[in-house]
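Visitor: Sharing a structure with you now.
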Amino acid sequence: MVGGQASASPRAAFYDFDGTLASGNVVSRYAWLARQHPNRLQAAWRYSEALLGVPLWLLLDLCSRHLFNVVFFRLYRGLSRDWLKAQSTRLLEQQVRREECRYARERVAMDREAGFRTVLVTGGIDILLAPTAADLGFDDMLGNRLVFRDGIATGEIEPPLLAGEAKACVLRKYAAGHGLDMRVARAYSDSYSDLPMLRAVGTAIATNPDRRLRRFALSRGWPILDLQRSAQAQGGLG
C-alpha cells in the first residue's frame with residue numbers, strides 16, 4: 001500500500017498513468033533517467049539510444065503494446081536497483097510534477113472521498129513510480145517489475161507484464177484478493193490499448209482519450225473526461 005488509509009468500501013477506482021494522469025510516457029521517463037547516470041559516457045550513450053530508437057518504439061507500440069514493453073525495457077539492462085530507487089523521488093520532483101494533468105490529483109481525491117479504493121495501474125516501473133503514487137494520494141499501485149540479478153537489472157520484466165489483456169487479468173486478481181466488486185469499479189485510461197482494462201469494470205471512463213478510444217467511448221456512451229480542463233466527467237459522473 002502507498003499513500004493514506006485504504007478504503008473499507010468494496011469499490012475500486014483503477015487509474016492508468018501515462019497520458020491519463022500525466023503527459024509523459026515510459027520513453028521520456030527513461031530518457032530523463034539516462035541523463036542522470038553518474039558516468040557521463042554511459043549517460044550520453046543511454047540517452048542517445050533512447051532518442052534514436054523513437055521510430056522503433058512508435059512502430060512497436062502500434063503493432064503491440066506488449067511487444068513494445070518487452071523490447072523497450074531492455075534499455076534498463078545494467079542499471080542497479082538501488083540507483084533506480086534513489087532516482088524515484090527526483091523523477092517525481094523534476095519531471096512528473098511538470099507533466100501532471102491539472103486536475104489529476106483532484107480527481108483521485110474525489111474518488112477516495114466517495115469511498116473508492118484508488119489504485120494506480122501502470123505499465124511503468126514500480127520502484128520508479130512508487131513516490132508518485134503516494135504523492136497523488138493513491139491507496140495502492142500495480143506496476144511492471146524489473147528482474148534483478150545481484151541487484152542489477154537484466155532488462156526483463158517479471159510476469160505478468162502489465163499490458164493489454166494481462167492488465168485486465170491483474171485487475172481482476174487484485175479485486176478478488178481485496179474483496180472488491182468489479183461490477184461497481186471504475187477505470188480510467190487514455191489509450192485504446194487499455195480497452196480490456198476498461199471493459200473489465202462496471203464504469204469505464206475515457207480520460208484524455210486518443211482518437212480510437214474517443215470514438216469507441218462515444219459509440220458506447222462512456223463518460224469522457226479531460227483532466228486538463230475538469231475533474232468532472234461528462235454525463236454527470238461525479
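If you're wondering about the labels, chains in the C-alpha cells are A, B, ... by order shown, residues count from 1 in each chain, ligands from 1 in order shown.
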For A:Gly24, work out the shell of residues within 9 Å, counting only C-alpha atoms and skipping chain neighbours fewer than 6 positions away, then give it as number ranges by chain.

Guide: A: 17-18, 95-96, 99-100

Visitor: Taking only C-alpha atoms into account, produce a table as JSON lines in which each residue of stretch 54-117 of chain A with an atom at most 10 Å from an atom of stretch 30-37 of chain A appears once, together with its shortest atom pair and the distance in Å to one decimal, ordered by chain and rising number.

Guide:
```
{"residue": "A:Phe72", "atom": "CA", "partner": "A:Tyr30", "partner_atom": "CA", "distance": 9.7}
{"residue": "A:Phe73", "atom": "CA", "partner": "A:Tyr30", "partner_atom": "CA", "distance": 9.2}
{"residue": "A:Leu75", "atom": "CA", "partner": "A:Tyr30", "partner_atom": "CA", "distance": 8.3}
{"residue": "A:Tyr76", "atom": "CA", "partner": "A:Tyr30", "partner_atom": "CA", "distance": 8.3}
{"residue": "A:Leu79", "atom": "CA", "partner": "A:His37", "partner_atom": "CA", "distance": 9.1}
{"residue": "A:Trp83", "atom": "CA", "partner": "A:His37", "partner_atom": "CA", "distance": 9.0}
{"residue": "A:Leu84", "atom": "CA", "partner": "A:Leu33", "partner_atom": "CA", "distance": 8.3}
{"residue": "A:Gln87", "atom": "CA", "partner": "A:Leu33", "partner_atom": "CA", "distance": 7.6}
{"residue": "A:Ser88", "atom": "CA", "partner": "A:Leu33", "partner_atom": "CA", "distance": 9.4}
{"residue": "A:Arg90", "atom": "CA", "partner": "A:Leu33", "partner_atom": "CA", "distance": 9.7}
{"residue": "A:Leu91", "atom": "CA", "partner": "A:Leu33", "partner_atom": "CA", "distance": 7.8}
{"residue": "A:Gln94", "atom": "CA", "partner": "A:Trp32", "partner_atom": "CA", "distance": 9.3}
{"residue": "A:Gln95", "atom": "CA", "partner": "A:Trp32", "partner_atom": "CA", "distance": 7.9}
```

Visitor: Now that the selection is made, can you save its residues with N, CA and C atoms as a PDB file, in the first residue's frame?

Guide:
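For reference, result19.pdb as written:
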```
ATOM      1  N   PHE A  72      11.383  -2.445 -25.231  1.00  0.00           N
ATOM      2  CA  PHE A  72      11.835  -1.166 -24.668  1.00  0.00           C
ATOM      3  C   PHE A  72      12.538  -1.335 -23.323  1.00  0.00           C
ATOM      4  N   PHE A  73      12.004  -2.164 -22.451  1.00  0.00           N
ATOM      5  CA  PHE A  73      12.576  -2.259 -21.109  1.00  0.00           C
ATOM      6  C   PHE A  73      13.940  -2.941 -21.093  1.00  0.00           C
ATOM      7  N   LEU A  75      16.322  -1.569 -22.334  1.00  0.00           N
ATOM      8  CA  LEU A  75      17.202  -0.423 -22.133  1.00  0.00           C
ATOM      9  C   LEU A  75      17.653  -0.306 -20.675  1.00  0.00           C
ATOM     10  N   TYR A  76      16.898  -0.890 -19.762  1.00  0.00           N
ATOM     11  CA  TYR A  76      17.230  -0.799 -18.338  1.00  0.00           C
ATOM     12  C   TYR A  76      18.337  -1.763 -17.924  1.00  0.00           C
ATOM     13  N   LEU A  79      21.382  -1.325 -15.058  1.00  0.00           N
ATOM     14  CA  LEU A  79      21.135  -0.316 -14.024  1.00  0.00           C
ATOM     15  C   LEU A  79      20.832  -1.011 -12.699  1.00  0.00           C
ATOM     16  N   TRP A  83      20.182   2.378  -7.387  1.00  0.00           N
ATOM     17  CA  TRP A  83      20.280   3.656  -8.105  1.00  0.00           C
ATOM     18  C   TRP A  83      18.913   4.074  -8.632  1.00  0.00           C
ATOM     19  N   LEU A  84      18.166   3.127  -9.183  1.00  0.00           N
ATOM     20  CA  LEU A  84      16.837   3.443  -9.708  1.00  0.00           C
ATOM     21  C   LEU A  84      15.925   3.933  -8.589  1.00  0.00           C
ATOM     22  N   GLN A  87      16.580   7.456  -7.626  1.00  0.00           N
ATOM     23  CA  GLN A  87      16.136   8.480  -8.587  1.00  0.00           C
ATOM     24  C   GLN A  87      14.636   8.735  -8.528  1.00  0.00           C
ATOM     25  N   SER A  88      13.884   7.860  -7.871  1.00  0.00           N
ATOM     26  CA  SER A  88      12.427   7.920  -7.965  1.00  0.00           C
ATOM     27  C   SER A  88      11.831   9.222  -7.442  1.00  0.00           C
ATOM     28  N   ARG A  90      13.460  12.142  -7.181  1.00  0.00           N
ATOM     29  CA  ARG A  90      13.899  13.208  -8.090  1.00  0.00           C
ATOM     30  C   ARG A  90      13.098  13.185  -9.382  1.00  0.00           C
ATOM     31  N   LEU A  91      12.747  11.992  -9.845  1.00  0.00           N
ATOM     32  CA  LEU A  91      11.931  11.867 -11.046  1.00  0.00           C
ATOM     33  C   LEU A  91      10.582  12.542 -10.825  1.00  0.00           C
ATOM     34  N   GLN A  94      11.302  16.502 -10.499  1.00  0.00           N
ATOM     35  CA  GLN A  94      11.871  17.213 -11.638  1.00  0.00           C
ATOM     36  C   GLN A  94      11.156  16.961 -12.963  1.00  0.00           C
ATOM     37  N   GLN A  95      10.423  15.858 -13.065  1.00  0.00           N
ATOM     38  CA  GLN A  95       9.749  15.585 -14.329  1.00  0.00           C
ATOM     39  C   GLN A  95       8.250  15.365 -14.183  1.00  0.00           C
TER      40      GLN A  95
END
```

Visitor: What's the 8 Å shell around stretch 114-126 of chain A, counting only C-alpha atoms, without same-chain residues fewer than 2 positions away, as a PyMOL selection string?

Guide: chain A and resi 6-18+26+108+110-112+128-130+133+138-146+161-163

Visitor: Take the residues from that selection and write them out as a PDB file, in the first residue's frame, keeping C-alpha atoms.

Guide:
```pdb
ATOM      1  CA  ALA A   6      -7.164   2.104   2.423  1.00  0.00           C
ATOM      2  CA  SER A   7     -10.904   2.361   1.898  1.00  0.00           C
ATOM      3  CA  ALA A   8     -13.097  -0.288   3.547  1.00  0.00           C
ATOM      4  CA  SER A   9     -15.541   0.015   0.653  1.00  0.00           C
ATOM      5  CA  PRO A  10     -15.860  -2.916  -1.780  1.00  0.00           C
ATOM      6  CA  ARG A  11     -15.441  -0.462  -4.682  1.00  0.00           C
ATOM      7  CA  ALA A  12     -12.251   0.435  -6.517  1.00  0.00           C
ATOM      8  CA  ALA A  13     -11.118   3.099  -8.968  1.00  0.00           C
ATOM      9  CA  PHE A  14      -8.269   1.965 -11.227  1.00  0.00           C
ATOM     10  CA  TYR A  15      -6.171   4.605 -12.967  1.00  0.00           C
ATOM     11  CA  ASP A  16      -3.753   4.261 -15.844  1.00  0.00           C
ATOM     12  CA  PHE A  17      -0.850   6.735 -15.555  1.00  0.00           C
ATOM     13  CA  ASP A  18       0.847   7.752 -18.820  1.00  0.00           C
ATOM     14  CA  VAL A  26       7.943   5.429 -20.402  1.00  0.00           C
ATOM     15  CA  VAL A 108      -8.179  10.866  -7.367  1.00  0.00           C
ATOM     16  CA  MET A 110     -12.835  12.822  -5.344  1.00  0.00           C
ATOM     17  CA  ASP A 111     -12.896   9.046  -5.794  1.00  0.00           C
ATOM     18  CA  ARG A 112     -11.310   8.418  -2.410  1.00  0.00           C
ATOM     19  CA  LEU A 128      10.329   4.442 -10.051  1.00  0.00           C
ATOM     20  CA  LEU A 129       6.677   5.463  -9.657  1.00  0.00           C
ATOM     21  CA  ALA A 130       6.078   4.496  -6.020  1.00  0.00           C
ATOM     22  CA  ALA A 133       1.628   7.107  -6.490  1.00  0.00           C
ATOM     23  CA  PHE A 138      -3.324   6.503  -4.209  1.00  0.00           C
ATOM     24  CA  ASP A 139      -4.137   3.705  -1.800  1.00  0.00           C
ATOM     25  CA  ASP A 140      -2.136   1.198  -3.813  1.00  0.00           C
ATOM     26  CA  MET A 141      -0.148   0.730  -7.008  1.00  0.00           C
ATOM     27  CA  LEU A 142       0.340  -2.030  -9.558  1.00  0.00           C
ATOM     28  CA  GLY A 143       3.279  -1.618 -11.920  1.00  0.00           C
ATOM     29  CA  ASN A 144       5.757  -3.538 -14.019  1.00  0.00           C
ATOM     30  CA  ARG A 145       8.648  -5.030 -12.055  1.00  0.00           C
ATOM     31  CA  LEU A 146      12.130  -5.330 -13.444  1.00  0.00           C
ATOM     32  CA  LEU A 161       3.720  -7.793 -17.968  1.00  0.00           C
ATOM     33  CA  LEU A 162       1.041  -5.132 -17.479  1.00  0.00           C
ATOM     34  CA  ALA A 163      -0.294  -4.511 -20.973  1.00  0.00           C
TER      35      ALA A 163
END
```

Visitor: What's the separation between atom CA of A:Asp226 and atom CA of A:Arg212, in Å to one decimal place?

Guide: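 Taking atom CA of A:Asp226 and atom CA of A:Arg212, their separation equals 15.5 Å.
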
Visitor: To one decimal place, how far is atom CA of A:Leu171 from atom CA of A:Thr207 in Å?

Guide: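 Going from atom CA of A:Leu171 over to atom CA of A:Thr207, I get 18.1 Å.
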
Visitor: For A:Glu113, which residue among A:Arg97, A:Gly137, A:Asn39, A:His178 is the nearest when counting only C-alpha atoms?

Guide: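 Nearest to A:Glu113: A:Gly137.
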
Visitor: For the atom pair atom CA of A:Ala168 and atom CA of A:Gln232, what is the interatomic distance in Å to one decimal place?

Guide: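 Separating atom CA of A:Ala168 from atom CA of A:Gln232 is a distance of 24.5 Å.
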